file work_4.txt (compact mmCIF, C-alpha atoms)
# COMPACT_ATOMS: atom_id res chain seq x y z
CA MET A 4 -7.50 -15.24 13.81
CA LEU A 5 -5.43 -14.15 10.83
CA ILE A 6 -3.58 -10.84 10.99
CA TYR A 7 -1.72 -9.15 8.13
CA VAL A 8 1.25 -7.03 9.24
CA VAL A 9 2.22 -4.44 6.62
CA GLU A 10 5.51 -2.69 7.39
CA ASP A 11 8.43 -2.07 5.05
CA GLU A 12 11.01 -1.85 7.81
CA ARG A 13 11.89 -5.51 8.20
CA SER A 14 12.94 -5.39 11.83
CA ILE A 15 9.73 -3.66 12.92
CA ASN A 16 7.69 -6.08 10.83
CA GLU A 17 9.52 -8.96 12.48
CA ILE A 18 8.89 -7.56 15.99
CA GLU A 19 5.18 -7.01 15.34
CA CYS A 20 4.81 -10.54 13.92
CA TYR A 21 6.78 -12.04 16.80
CA ALA A 22 4.59 -10.32 19.42
CA LEU A 23 1.32 -11.26 17.74
CA LYS A 24 2.41 -14.86 17.18
CA SER A 25 3.33 -15.13 20.84
CA SER A 26 -0.30 -14.22 21.58
CA ASN A 27 -1.43 -17.11 19.37
CA PHE A 28 -2.48 -15.11 16.34
CA GLU A 29 -1.80 -16.41 12.86
CA VAL A 30 0.31 -13.70 11.21
CA MET A 31 1.44 -12.94 7.66
CA PRO A 32 4.06 -10.26 6.96
CA PHE A 33 3.91 -7.91 3.96
CA TYR A 34 6.55 -5.32 3.06
CA SER A 35 4.74 -3.13 0.51
CA ALA A 36 1.29 -2.05 -0.62
CA ALA A 37 1.63 -4.19 -3.75
CA GLU A 38 2.35 -7.32 -1.69
CA LEU A 39 -0.65 -6.61 0.54
CA LYS A 40 -2.89 -6.23 -2.50
CA LYS A 41 -1.82 -9.66 -3.75
CA GLY A 42 -2.35 -11.16 -0.29
CA MET A 43 -5.87 -9.69 -0.11
CA GLU A 44 -6.76 -11.27 -3.42
CA LYS A 45 -5.99 -14.67 -1.88
CA LYS A 46 -7.51 -14.18 1.56
CA ILE A 47 -9.11 -11.40 3.61
CA PRO A 48 -7.60 -11.30 7.11
CA ASP A 49 -9.45 -10.70 10.38
CA LEU A 50 -7.36 -7.56 11.01
CA ILE A 51 -4.62 -5.50 9.35
CA VAL A 52 -1.77 -3.71 11.12
CA LEU A 53 -0.78 -1.10 8.52
CA ASP A 54 2.23 1.22 8.41
CA VAL A 55 1.39 4.71 7.14
CA MET A 56 4.58 5.25 5.12
CA LEU A 57 5.06 2.40 2.69
CA PRO A 58 7.55 2.72 -0.16
CA ASP A 59 4.94 2.31 -2.90
CA ASN A 60 1.84 3.89 -1.37
CA ASP A 61 0.49 5.99 1.45
CA GLY A 62 -1.30 3.94 4.12
CA ILE A 63 -4.06 6.51 4.53
CA ALA A 64 -4.81 6.53 0.79
CA MET A 65 -4.86 2.72 0.87
CA ILE A 66 -7.50 2.71 3.62
CA GLY A 67 -9.71 4.92 1.46
CA HIS A 68 -9.51 2.36 -1.38
CA MET A 69 -10.13 -0.54 1.00
CA ARG A 70 -13.22 1.10 2.49
CA ASP A 71 -14.63 1.50 -1.05
CA ASP A 72 -14.19 -2.23 -1.64
CA VAL A 73 -17.23 -4.25 -0.52
CA ARG A 74 -15.02 -7.17 0.55
CA LEU A 75 -12.75 -5.03 2.72
CA LYS A 76 -14.95 -2.24 4.01
CA ASN A 77 -15.42 -3.90 7.40
CA THR A 78 -11.91 -5.31 7.86
CA PRO A 79 -10.47 -3.80 11.06
CA ILE A 80 -7.33 -1.72 10.48
CA ILE A 81 -4.80 -0.40 12.98
CA LEU A 82 -2.56 2.32 11.52
CA VAL A 83 1.02 2.45 12.73
CA SER A 84 2.90 5.68 12.20
CA ALA A 85 5.85 7.75 13.34
CA ARG A 86 3.62 10.81 13.00
CA SER A 87 2.24 11.55 16.42
CA SER A 88 0.48 14.87 15.88
CA GLU A 89 -3.24 15.06 16.57
CA ILE A 90 -4.01 16.09 12.99
CA GLU A 91 -2.23 13.02 11.60
CA LYS A 92 -4.23 10.74 13.89
CA VAL A 93 -7.45 12.50 12.88
CA ARG A 94 -6.54 12.07 9.19
CA GLY A 95 -5.93 8.35 9.68
CA LEU A 96 -9.09 7.72 11.70
CA ASP A 97 -11.21 9.85 9.36
CA ALA A 98 -9.91 7.88 6.40
CA GLY A 99 -11.40 4.77 7.97
CA ALA A 100 -8.77 3.32 10.31
CA ASP A 101 -10.22 1.75 13.46
CA ASP A 102 -7.24 2.61 15.65
CA TYR A 103 -3.94 4.51 15.47
CA ILE A 104 -0.68 3.72 17.22
CA THR A 105 2.46 5.86 17.09
CA LYS A 106 6.07 4.73 16.88
CA PRO A 107 7.85 3.87 19.04
CA PHE A 108 5.25 1.73 20.75
CA GLY A 109 5.30 -1.03 23.33
CA ILE A 110 4.62 -4.43 21.81
CA MET A 111 2.18 -5.33 24.58
CA GLU A 112 0.24 -2.18 23.75
CA LEU A 113 0.06 -3.32 20.13
CA VAL A 114 -1.15 -6.78 21.14
CA SER A 115 -3.71 -5.28 23.54
CA ARG A 116 -5.01 -2.91 20.90
CA VAL A 117 -5.33 -5.76 18.40
CA LYS A 118 -7.26 -7.82 20.95
CA ALA A 119 -9.47 -4.87 21.95
CA LEU A 120 -10.30 -4.09 18.33
CA LEU A 121 -11.14 -7.72 17.59
CA ARG A 122 -13.41 -7.75 20.68
CA ARG A 123 -15.16 -4.59 19.47
CA VAL A 124 -15.68 -6.12 16.05
CA GLU A 125 -16.94 -9.34 17.60
CA ARG A 126 -19.44 -7.44 19.74
CA ARG A 127 -20.53 -5.46 16.68
CA THR A 128 -21.06 -8.70 14.75
CA ASP A 129 -22.86 -10.24 17.70
CA ARG A 130 -25.13 -7.25 18.02
CA THR A 131 -26.17 -7.53 14.40
CA ASN A 132 -27.44 -11.03 15.15
CA LEU A 133 -29.41 -10.02 18.23
CA LEU A 134 -33.13 -9.37 18.26
CA ILE A 135 -34.36 -7.45 21.27
CA ALA A 136 -37.89 -6.87 22.56
CA GLY A 137 -38.21 -5.52 26.08
CA ASP A 138 -36.33 -7.86 28.39
CA ILE A 139 -36.21 -10.60 25.77
CA THR A 140 -33.05 -10.98 23.67
CA ILE A 141 -32.78 -13.51 20.89
CA ASP A 142 -29.31 -14.51 19.67
CA GLU A 143 -30.04 -15.82 16.19
CA GLN A 144 -26.51 -17.15 15.66
CA LYS A 145 -26.47 -19.15 18.90
CA ARG A 146 -30.26 -19.79 18.77
CA GLU A 147 -30.54 -18.64 22.34
CA VAL A 148 -33.30 -16.73 24.11
CA ILE A 149 -32.41 -14.67 27.12
CA TYR A 150 -35.03 -13.19 29.44
CA GLN A 151 -33.72 -10.85 32.13
CA GLY A 152 -30.28 -12.45 31.83
CA GLN A 153 -31.60 -16.03 32.11
CA ASN A 154 -31.51 -18.55 29.29
CA ILE A 155 -34.97 -19.81 28.26
CA TYR A 156 -34.95 -23.23 26.64
CA LEU A 157 -37.33 -23.38 23.68
CA THR A 158 -38.14 -26.05 21.12
CA TYR A 159 -37.32 -25.35 17.49
CA LYS A 160 -40.84 -24.13 16.65
CA GLU A 161 -41.19 -22.13 19.87
CA PHE A 162 -37.95 -20.37 18.98
CA GLU A 163 -39.14 -19.66 15.42
CA LEU A 164 -42.49 -18.42 16.71
CA LEU A 165 -40.94 -16.04 19.22
CA ARG A 166 -38.47 -14.84 16.59
CA TYR A 167 -41.31 -14.09 14.19
CA LEU A 168 -43.22 -12.18 16.88
CA VAL A 169 -40.11 -10.17 17.85
CA ILE A 170 -39.31 -9.29 14.24
CA ASN A 171 -42.88 -8.01 13.87
CA LYS A 172 -42.98 -6.32 17.25
CA GLY A 173 -46.05 -4.05 17.61
CA ILE A 174 -47.84 -5.57 14.60
CA VAL A 175 -51.00 -7.65 15.00
CA LEU A 176 -50.38 -11.04 13.37
CA SER A 177 -53.24 -13.33 12.39
CA ARG A 178 -53.02 -17.03 13.22
CA ASP A 179 -52.97 -17.82 9.49
CA LYS A 180 -50.10 -15.46 8.89
CA ILE A 181 -48.18 -16.96 11.79
CA MET A 182 -48.89 -20.44 10.47
CA GLU A 183 -47.68 -19.49 7.03
CA ASN A 184 -44.50 -17.89 8.22
CA VAL A 185 -43.49 -20.21 11.05
CA TRP A 186 -44.85 -23.55 9.92
CA GLY A 187 -44.88 -22.89 6.18
CA PHE A 188 -47.54 -23.01 3.44
CA ASP A 189 -47.54 -26.77 3.25
CA PHE A 190 -48.39 -27.33 6.92
CA GLN A 191 -51.70 -29.08 7.29
CA GLY A 192 -52.31 -28.37 11.00
CA GLU A 193 -55.00 -26.25 12.58
CA SER A 194 -54.72 -22.73 13.87
CA ARG A 195 -54.98 -24.22 17.36
CA THR A 196 -51.38 -25.29 16.87
CA VAL A 197 -50.43 -21.59 17.10
CA ASP A 198 -52.46 -21.14 20.29
CA MET A 199 -50.84 -24.20 21.89
CA HIS A 200 -47.35 -22.97 21.08
CA ILE A 201 -48.15 -19.47 22.34
CA LYS A 202 -49.35 -21.07 25.59
CA THR A 203 -46.11 -23.02 26.14
CA LEU A 204 -44.05 -20.01 25.08
CA ARG A 205 -45.84 -17.82 27.64
CA SER A 206 -45.33 -20.47 30.26
CA LYS A 207 -41.59 -20.69 29.57
CA LEU A 208 -41.25 -16.88 29.58
CA GLY A 209 -42.77 -16.76 33.08
CA GLN A 210 -43.11 -13.13 34.13
CA GLY A 211 -42.24 -12.11 30.61
CA ARG A 212 -45.44 -13.74 29.31
CA ALA A 213 -47.30 -10.40 29.33
CA ILE A 214 -45.25 -9.26 26.35
CA ILE A 215 -47.35 -11.52 24.07
CA LYS A 216 -50.81 -10.01 23.79
CA THR A 217 -53.88 -11.85 22.47
CA VAL A 218 -55.87 -9.81 19.97
CA ARG A 219 -59.37 -11.21 20.14
CA ASN A 220 -60.66 -12.83 16.93
CA VAL A 221 -57.44 -12.02 15.09
CA GLY A 222 -54.31 -13.44 16.57
CA TYR A 223 -51.33 -12.17 18.56
CA LYS A 224 -49.10 -9.14 18.97
CA LEU A 225 -45.80 -8.57 20.74
CA ASN A 226 -45.71 -5.38 22.77
CA MET B 28 11.89 19.13 -0.79
CA ASP B 29 10.55 21.85 1.49
CA LYS B 30 11.60 22.13 5.14
CA ARG B 31 8.30 20.74 6.44
CA GLU B 32 8.65 17.57 4.35
CA PHE B 33 12.31 17.27 5.35
CA MET B 34 11.35 17.46 9.02
CA ARG B 35 8.53 14.93 8.58
CA LEU B 36 10.85 12.44 6.88
CA SER B 37 13.65 13.06 9.41
CA VAL B 38 11.30 12.26 12.30
CA HIS B 39 10.20 9.07 10.54
CA GLU B 40 13.79 8.00 9.88
CA ILE B 41 14.91 8.65 13.47
CA LYS B 42 11.88 6.99 15.02
CA THR B 43 12.27 3.82 12.95
CA PRO B 44 15.46 2.50 14.64
CA ILE B 45 14.15 3.73 18.00
CA SER B 46 11.04 1.60 17.41
CA VAL B 47 13.21 -1.41 16.59
CA ILE B 48 15.20 -0.97 19.82
CA HIS B 49 12.00 -0.46 21.81
CA GLY B 50 10.41 -3.52 20.20
CA PHE B 51 13.33 -5.88 20.76
CA ALA B 52 13.77 -4.63 24.34
CA ASP B 53 10.07 -5.35 24.95
CA LEU B 54 10.37 -8.84 23.47
CA ILE B 55 13.26 -9.53 25.85
CA SER B 56 11.65 -8.00 28.93
CA TYR B 57 8.38 -9.89 28.43
CA GLY B 58 10.29 -13.12 27.98
CA ILE B 59 9.01 -13.63 24.44
CA ILE B 60 12.52 -13.99 23.01
CA SER B 61 13.92 -17.44 23.67
CA GLU B 62 17.20 -17.93 25.52
CA GLY B 63 18.87 -19.07 22.32
CA GLU B 64 17.96 -15.89 20.44
CA LEU B 65 18.89 -13.52 23.23
CA GLU B 66 22.48 -12.78 22.22
CA GLN B 67 21.56 -12.18 18.60
CA THR B 68 18.73 -9.86 19.64
CA VAL B 69 21.03 -7.79 21.85
CA GLU B 70 23.43 -7.45 18.89
CA ARG B 71 20.56 -6.18 16.76
CA ILE B 72 19.69 -3.60 19.41
CA LYS B 73 23.31 -2.40 19.38
CA LYS B 74 23.26 -2.22 15.57
CA GLU B 75 20.14 -0.07 15.63
CA ALA B 76 21.73 2.22 18.22
CA LEU B 77 24.69 2.70 15.86
CA ARG B 78 22.25 3.34 13.02
CA ILE B 79 20.63 6.20 14.96
CA THR B 80 24.06 7.65 15.78
CA LYS B 81 25.12 7.58 12.14
CA LEU B 82 21.80 9.02 11.00
CA VAL B 83 21.89 11.89 13.47
CA ASP B 84 25.53 12.67 12.54
CA GLU B 85 24.70 12.70 8.83
CA LEU B 86 21.57 14.76 9.36
CA ALA B 87 23.59 17.35 11.27
CA PHE B 88 26.21 17.27 8.47
CA TYR B 89 23.57 17.72 5.76
CA ILE B 90 21.86 20.60 7.58
CA GLY B 91 25.28 22.21 8.16
CA ILE B 92 26.01 22.15 4.44
CA LYS B 93 22.53 23.13 3.32
CA GLU B 94 22.27 26.03 5.76
CA LYS B 95 25.91 27.11 5.24
CA LEU B 96 26.79 26.46 8.89
CA THR B 97 29.79 24.24 8.13
CA ASP B 98 33.32 25.64 8.40
CA ILE B 99 34.95 25.46 4.98
CA ASN B 100 38.72 25.56 4.46
CA PHE B 101 39.74 25.91 0.83
CA ASP B 102 43.18 24.75 -0.21
CA THR B 103 44.74 23.08 -3.23
CA VAL B 104 43.45 19.53 -3.43
CA ASP B 105 44.90 16.87 -5.72
CA ILE B 106 41.82 14.86 -6.68
CA ALA B 107 43.82 11.76 -7.75
CA VAL B 108 45.62 11.63 -4.40
CA LEU B 109 42.37 12.18 -2.49
CA LEU B 110 40.57 9.51 -4.52
CA SER B 111 43.34 6.95 -4.00
CA ARG B 112 43.27 7.60 -0.25
CA VAL B 113 39.49 7.11 -0.12
CA VAL B 114 39.73 3.87 -2.15
CA ARG B 115 42.45 2.56 0.15
CA ASP B 116 40.35 3.35 3.26
CA ILE B 117 37.31 1.62 1.82
CA LYS B 118 39.31 -1.46 0.80
CA GLU B 119 40.78 -1.73 4.28
CA ASN B 120 37.33 -1.68 5.86
CA THR B 121 35.37 -4.05 3.66
CA GLU B 122 35.26 -7.76 3.01
CA GLU B 123 33.76 -7.22 -0.45
CA ASN B 124 35.74 -8.16 -3.54
CA ILE B 125 36.50 -4.75 -5.05
CA GLU B 126 38.55 -3.70 -8.06
CA VAL B 127 39.12 0.02 -8.47
CA THR B 128 41.14 1.76 -11.16
CA VAL B 129 42.04 5.43 -11.02
CA SER B 130 43.34 7.33 -14.05
CA GLY B 131 44.03 10.96 -14.94
CA GLU B 132 44.83 13.86 -12.70
CA GLY B 133 43.65 17.26 -11.68
CA SER B 134 43.68 19.69 -8.79
CA ILE B 135 41.18 22.23 -7.56
CA LYS B 136 40.84 24.74 -4.78
CA GLY B 137 38.60 22.96 -2.32
CA ASP B 138 37.95 21.59 1.14
CA ALA B 139 39.72 18.23 1.37
CA GLY B 140 37.55 17.06 4.25
CA LEU B 141 34.27 17.76 2.48
CA LEU B 142 35.53 16.31 -0.81
CA THR B 143 36.58 13.14 1.03
CA VAL B 144 33.05 12.76 2.43
CA MET B 145 31.62 13.21 -1.07
CA LEU B 146 33.93 10.60 -2.64
CA LEU B 147 33.26 8.15 0.19
CA HIS B 148 29.51 8.33 -0.43
CA ILE B 149 29.78 7.95 -4.20
CA ILE B 150 32.19 5.01 -4.06
CA GLU B 151 30.29 3.28 -1.25
CA ASN B 152 27.10 3.52 -3.31
CA GLY B 153 28.90 1.80 -6.21
CA ILE B 154 29.77 -1.07 -3.87
CA ILE B 155 26.54 -1.33 -1.85
CA TYR B 156 24.17 -1.16 -4.82
CA ASN B 157 26.10 -3.86 -6.58
CA ASP B 158 25.22 -7.55 -6.62
CA ARG B 159 28.26 -8.74 -8.65
CA GLU B 160 30.84 -11.01 -7.13
CA ILE B 161 33.60 -8.62 -8.22
CA LYS B 162 32.51 -5.03 -7.77
CA ARG B 163 34.37 -2.93 -10.34
CA LEU B 164 34.81 0.82 -10.18
CA ILE B 165 36.52 2.80 -12.93
CA CYS B 166 37.48 6.32 -11.87
CA ASN B 167 38.76 8.92 -14.28
CA ILE B 168 39.89 12.48 -13.71
CA ASP B 169 39.89 14.96 -16.55
CA LYS B 170 40.43 18.71 -16.91
CA LYS B 171 38.05 20.82 -18.92
CA GLN B 172 38.96 24.51 -19.03
CA GLU B 173 38.86 25.64 -15.40
CA LYS B 174 37.03 22.58 -14.15
CA VAL B 175 37.97 19.08 -13.05
CA ILE B 176 35.64 16.37 -14.34
CA LEU B 177 35.66 13.20 -12.26
CA THR B 178 33.74 10.14 -13.44
CA ILE B 179 33.13 7.05 -11.29
CA GLU B 180 31.62 4.13 -13.16
CA ASP B 181 30.43 0.93 -11.46
CA ASN B 182 29.07 -2.43 -12.58
CA GLY B 183 26.22 -2.34 -10.03
CA ILE B 184 22.46 -2.80 -10.20
CA GLY B 185 21.88 0.52 -11.99
CA ILE B 186 19.13 3.09 -11.56
CA ASP B 187 15.89 3.50 -13.53
CA LYS B 188 15.68 6.62 -15.68
CA GLU B 189 12.77 7.92 -13.58
CA GLU B 190 14.81 7.60 -10.39
CA ARG B 191 18.02 9.31 -11.52
CA GLU B 192 17.06 12.69 -10.10
CA ALA B 193 15.05 11.26 -7.19
CA VAL B 194 18.16 9.61 -5.72
CA PHE B 195 19.45 13.07 -4.77
CA ARG B 196 16.41 13.66 -2.56
CA CYS B 197 16.93 13.14 1.18
CA PHE B 198 16.05 9.63 2.37
CA TYR B 199 15.32 8.33 -1.12
CA ARG B 200 16.64 4.81 -1.64
CA ILE B 201 16.45 2.70 -4.79
CA ASP B 202 16.51 -0.54 -2.80
CA LYS B 203 15.50 -0.18 0.82
CA GLY B 204 16.53 -3.73 1.67
CA LEU B 205 20.07 -3.29 0.32
CA SER B 206 20.54 0.18 1.79
CA ARG B 207 19.24 -0.48 5.31
CA GLY B 208 21.27 -3.68 5.58
CA ASN B 209 24.38 -1.69 4.74
CA GLY B 210 23.69 1.22 7.04
CA CYS B 211 22.69 3.65 4.27
CA ASN B 212 20.14 6.20 5.33
CA GLY B 213 19.47 7.90 2.02
CA LEU B 214 21.43 11.10 2.71
CA GLY B 215 24.68 10.30 0.91
CA LEU B 216 23.85 11.72 -2.50
CA ALA B 217 22.04 14.77 -1.07
CA ILE B 218 25.18 15.52 0.99
CA SER B 219 27.43 14.86 -2.03
CA ARG B 220 25.47 17.23 -4.27
CA GLY B 221 25.63 19.89 -1.53
CA ILE B 222 29.44 19.49 -1.34
CA ALA B 223 29.78 19.69 -5.14
CA GLN B 224 27.73 22.91 -5.13
CA ILE B 225 30.02 24.41 -2.46
CA HIS B 226 32.82 23.72 -4.96
CA ASN B 227 31.00 25.53 -7.74
CA GLY B 228 30.23 22.17 -9.28
CA ALA B 229 27.54 19.60 -9.95
CA ILE B 230 26.86 15.86 -9.85
CA ASN B 231 24.93 13.99 -12.50
CA ILE B 232 24.06 10.37 -13.01
CA ASP B 233 23.88 8.22 -16.10
CA SER B 234 22.81 4.64 -15.61
CA LYS B 235 21.49 1.47 -17.16
CA LYS B 236 19.40 -0.85 -15.03
CA GLY B 237 21.27 -4.09 -14.51
CA LYS B 238 24.47 -2.77 -16.11
CA GLY B 239 25.81 -0.09 -13.83
CA THR B 240 25.95 3.60 -13.02
CA LYS B 241 28.23 6.41 -14.12
CA VAL B 242 28.49 9.38 -11.76
CA THR B 243 29.94 12.54 -13.24
CA ILE B 244 31.23 15.11 -10.76
CA GLU B 245 32.17 18.53 -12.02
CA LEU B 246 34.27 20.61 -9.66
CA GLY B 247 35.19 24.26 -10.19
CA GLU B 248 38.45 25.98 -9.48
call {"tool": "encode", "arguments": {"input": "work_4.txt", "output": "structure tokens"}}
result
Amino acid sequence: MLIYVVEDERSINEIECYALKSSNFEVMPFYSAAELKKGMEKKIPDLIVLDVMLPDNDGIAMIGHMRDDVRLKNTPIILVSARSSEIEKVRGLDAGADDYITKPFGIMELVSRVKALLRRVERRTDRTNLLIAGDITIDEQKREVIYQGQNIYLTYKEFELLRYLVINKGIVLSRDKIMENVWGFDFQGESRTVDMHIKTLRSKLGQGRAIIKTVRNVGYKLN
Amino acid sequence: MDKREFMRLSVHEIKTPISVIHGFADLISYGIISEGELEQTVERIKKEALRITKLVDELAFYIGIKEKLTDINFDTVDIAVLLSRVVRDIKENTEENIEVTVSGEGSIKGDAGLLTVMLLHIIENGIIYNDREIKRLICNIDKKQEKVILTIEDNGIGIDKEEREAVFRCFYRIDKGLSRGNGCNGLGLAISRGIAQIHNGAINIDSKKGKGTKVTIELGE
């Protein structure tokens, strides 16, 4: 995980970098807004620890610009400031910061906040790759299917079939449509292939099998 | 600068060295600092503690002058004598290679203590913001009607035209790296201008980036 530390006071920058490195983060120090801008052009970090009062720009104004930039709008930012009033924190968070820490702060608190924010971001990213239907959860990134907390082991096509049904939850899907979308236009098999796969899928889902409904003379639907 | 902004900046400036002390103390207490770096880290903590002390003293001094809370004792002050004393003190307390010349003479009615503080700040700036091997300062005292005109010219890094007035603002520094390393907290010129005004005078700056700076101090009778 790469973290950019932006702080013009060299000693504080050094302390923040030291603490984060000791927690096995890769860290790059920056001492001004201009330096950070150059760094961002080369590489977008996983998280930025940003001082509010930089010599060449205001941290809060910088966040506004970053959030307008497609490449940076989701980069997690922790603002560090000597201003501890509620209104200052509100200003920083409203501008788009993900967290706010006031000086002087404990270094372990900084490290913990960095870790917590990265976990939140990770969960957010994970959630975006999850498909959920009733008790069935599909993790597209890990290609895993979880039913009531248990992993269900599916073949490649079974996985694709279930995924297609979940995406179209509540919609009646004809066998031909399923064939087209799961097996592709070029597949020369019969529509019985769909029925066979539905059968094994239901069997593997056990009690969860009821979620896949047969629609007579048409095809299938996920409830 | 209004009082609200002054307070905001003061809080920031005081909290910065406190954060450094807090941070280094944490690194030591959590065992993150290695044994070999321990002594050096403790020295840095002590240095930051001194920095806070100096900052708080200068802040109190600045507020005293600005709010007219400082006791002022006017007497006849020989500027050449005062200047030579300040130069001698600075030379005795620095390892820098400094050459200072003082010419001319003039006396005013003023507070010797305050004027000493002013001269210390101006001359120190000429040495700190100076990257030459030999740091040269040419001081000249002149009389113009009822006023004494003192010029102090250095061969330092100079100041951009746009920054010449800004340097008199509290906590403004032309080079943060140079100033922090030398214990400057950005109050020296604000204090100096306040002292000049108490003496019915003014301070102005003329400078060329990379060549040097000429400070002109006008002091009334």
call {"tool": "interface_residues", "arguments": {"input": "work_4.txt", "of": "chain A", "to": "chain B", "cutoff": "10 Å", "atoms": "all atoms listed in the file", "output": "PyMOL selection string"}}
result
chain A and resi 11-19+21-22+24-26+56+58+84-87+105-111
call {"tool": "residues_around", "arguments": {"input": "work_4.txt", "residues": "segment 140-152 of chain B", "least_positions_apart": "2", "cutoff": "6 Å", "atoms": "all atoms listed in the file", "output": "PDB file with C-alpha atoms, keeping the file's coordinate frame"}}
result
ATOM      1  CA  ASP B 138      37.950  21.590   1.140  1.00  0.00           C
ATOM      2  CA  ILE B 154      29.770  -1.070  -3.870  1.00  0.00           C
ATOM      3  CA  ILE B 155      26.540  -1.330  -1.850  1.00  0.00           C
ATOM      4  CA  TYR B 156      24.170  -1.160  -4.820  1.00  0.00           C
ATOM      5  CA  GLY B 215      24.680  10.300   0.910  1.00  0.00           C
ATOM      6  CA  SER B 219      27.430  14.860  -2.030  1.00  0.00           C
TER       7      SER B 219
END
call {"tool": "closest_residue", "arguments": {"input": "work_4.txt", "among": "A:Lys76, A:Lys41, A:Arg146, A:Lys216", "to": "Lys172 of chain A", "atoms": "only C-alpha atoms"}}
result
A:Lys216
call {"tool": "residues_around", "arguments": {"input": "work_4.txt", "residues": "Gly183 of chain B", "least_positions_apart": "3", "cutoff": "12 Å", "atoms": "all atoms listed in the file", "output": "ChimeraX atom specification"}}
result
/B:125,150-165,179-180,186,234-241
call {"tool": "closest_residue", "arguments": {"input": "work_4.txt", "among": "A:Ile174, A:Ile81, A:Val114, A:Leu164", "to": "Ile201 of chain A", "atoms": "all atoms listed in the file"}}
result
A:Leu164
call {"tool": "atom_distance", "arguments": {"input": "work_4.txt", "atom1": "atom CA of Ser130 of chain B", "atom2": "atom CA of Ile218 of chain B"}}
result
25.0 Å
call {"tool": "axis_aligned_box", "arguments": {"input": "work_4.txt", "around": "segment 48-52 of chain A", "padding_each_side": "5 Å", "output": "JSON"}}
result
{"center_x": -5.6, "center_y": -7.5, "center_z": 9.1, "size_x": 17.7, "size_y": 17.6, "size_z": 14.0}
call {"tool": "residues_around", "arguments": {"input": "work_4.txt", "residues": "Met182 of chain A", "least_positions_apart": "3", "cutoff": "12 Å", "atoms": "all atoms listed in the file", "output": "MDAnalysis selection string"}}
result
chainID A and resid 160 163:164 167:168 176:179 185:198 200:201 222:223
call {"tool": "residues_near_point", "arguments": {"input": "work_4.txt", "point": "(-31.8, -15.0, 34.0)", "cutoff": "12 Å", "atoms": "only C-alpha atoms", "output": "mmCIF file with C-alpha atoms, keeping the file's coordinate frame"}}
result
data_model
loop_
_atom_site.group_PDB
_atom_site.id
_atom_site.type_symbol
_atom_site.label_atom_id
_atom_site.label_comp_id
_atom_site.auth_asym_id
_atom_site.auth_seq_id
_atom_site.Cartn_x
_atom_site.Cartn_y
_atom_site.Cartn_z
ATOM 1 C CA ASP A 138 -36.330 -7.860 28.390
ATOM 2 C CA ILE A 139 -36.210 -10.600 25.770
ATOM 3 C CA THR A 140 -33.050 -10.980 23.670
ATOM 4 C CA VAL A 148 -33.300 -16.730 24.110
ATOM 5 C CA ILE A 149 -32.410 -14.670 27.120
ATOM 6 C CA TYR A 150 -35.030 -13.190 29.440
ATOM 7 C CA GLN A 151 -33.720 -10.850 32.130
ATOM 8 C CA GLY A 152 -30.280 -12.450 31.830
ATOM 9 C CA GLN A 153 -31.600 -16.030 32.110
ATOM 10 C CA ASN A 154 -31.510 -18.550 29.290
ATOM 11 C CA ILE A 155 -34.970 -19.810 28.260
ATOM 12 C CA TYR A 156 -34.950 -23.230 26.640
ATOM 13 C CA LEU A 208 -41.250 -16.880 29.580
ATOM 14 C CA GLY A 209 -42.770 -16.760 33.080
ATOM 15 C CA GLN A 210 -43.110 -13.130 34.130
ATOM 16 C CA GLY A 211 -42.240 -12.110 30.610
#
call {"tool": "residues_around", "arguments": {"input": "work_4.txt", "residues": "Asp142 of chain A", "least_positions_apart": "4", "cutoff": "9 Å", "atoms": "only C-alpha atoms", "output": "PyMOL selection string"}}
result
chain A and resi 129-130+132-135+146-149
call {"tool": "closest_residue", "arguments": {"input": "work_4.txt", "among": "A:Ala37, A:Leu113, A:Ile63, A:Ala213", "to": "Leu96 of chain A", "atoms": "only C-alpha atoms"}}
result
A:Ile63
call {"tool": "atom_distance", "arguments": {"input": "work_4.txt", "atom1": "atom CA of Arg115 of chain B", "atom2": "atom CA of Ile135 of chain B"}}
result
21.2 Å
call {"tool": "closest_residue", "arguments": {"input": "work_4.txt", "among": "A:Gly95, A:Val83, A:Asp54, A:Leu121", "to": "Phe28 of chain A", "atoms": "all atoms listed in the file"}}
result
A:Leu121
call {"tool": "atom_distance", "arguments": {"input": "work_4.txt", "atom1": "atom CA of Phe195 of chain B", "atom2": "atom CA of Ile106 of chain B"}}
result
22.5 Å
call {"tool": "residues_around", "arguments": {"input": "work_4.txt", "residues": "Arg94 of chain A", "least_positions_apart": "5", "cutoff": "12 Å", "atoms": "only C-alpha atoms", "output": "PyMOL selection string"}}
result
chain A and resi 55+62-64+66-67+82+84+86-89+99-103
call {"tool": "write_last_selection", "arguments": {"input": "work_4.txt", "atoms": "C-alpha atoms", "output": "mmCIF file, keeping the file's coordinate frame"}}
result
data_model
loop_
_atom_site.group_PDB
_atom_site.id
_atom_site.type_symbol
_atom_site.label_atom_id
_atom_site.label_comp_id
_atom_site.auth_asym_id
_atom_site.auth_seq_id
_atom_site.Cartn_x
_atom_site.Cartn_y
_atom_site.Cartn_z
ATOM 1 C CA VAL A 55 1.390 4.710 7.140
ATOM 2 C CA GLY A 62 -1.300 3.940 4.120
ATOM 3 C CA ILE A 63 -4.060 6.510 4.530
ATOM 4 C CA ALA A 64 -4.810 6.530 0.790
ATOM 5 C CA ILE A 66 -7.500 2.710 3.620
ATOM 6 C CA GLY A 67 -9.710 4.920 1.460
ATOM 7 C CA LEU A 82 -2.560 2.320 11.520
ATOM 8 C CA SER A 84 2.900 5.680 12.200
ATOM 9 C CA ARG A 86 3.620 10.810 13.000
ATOM 10 C CA SER A 87 2.240 11.550 16.420
ATOM 11 C CA SER A 88 0.480 14.870 15.880
ATOM 12 C CA GLU A 89 -3.240 15.060 16.570
ATOM 13 C CA GLY A 99 -11.400 4.770 7.970
ATOM 14 C CA ALA A 100 -8.770 3.320 10.310
ATOM 15 C CA ASP A 101 -10.220 1.750 13.460
ATOM 16 C CA ASP A 102 -7.240 2.610 15.650
ATOM 17 C CA TYR A 103 -3.940 4.510 15.470
#
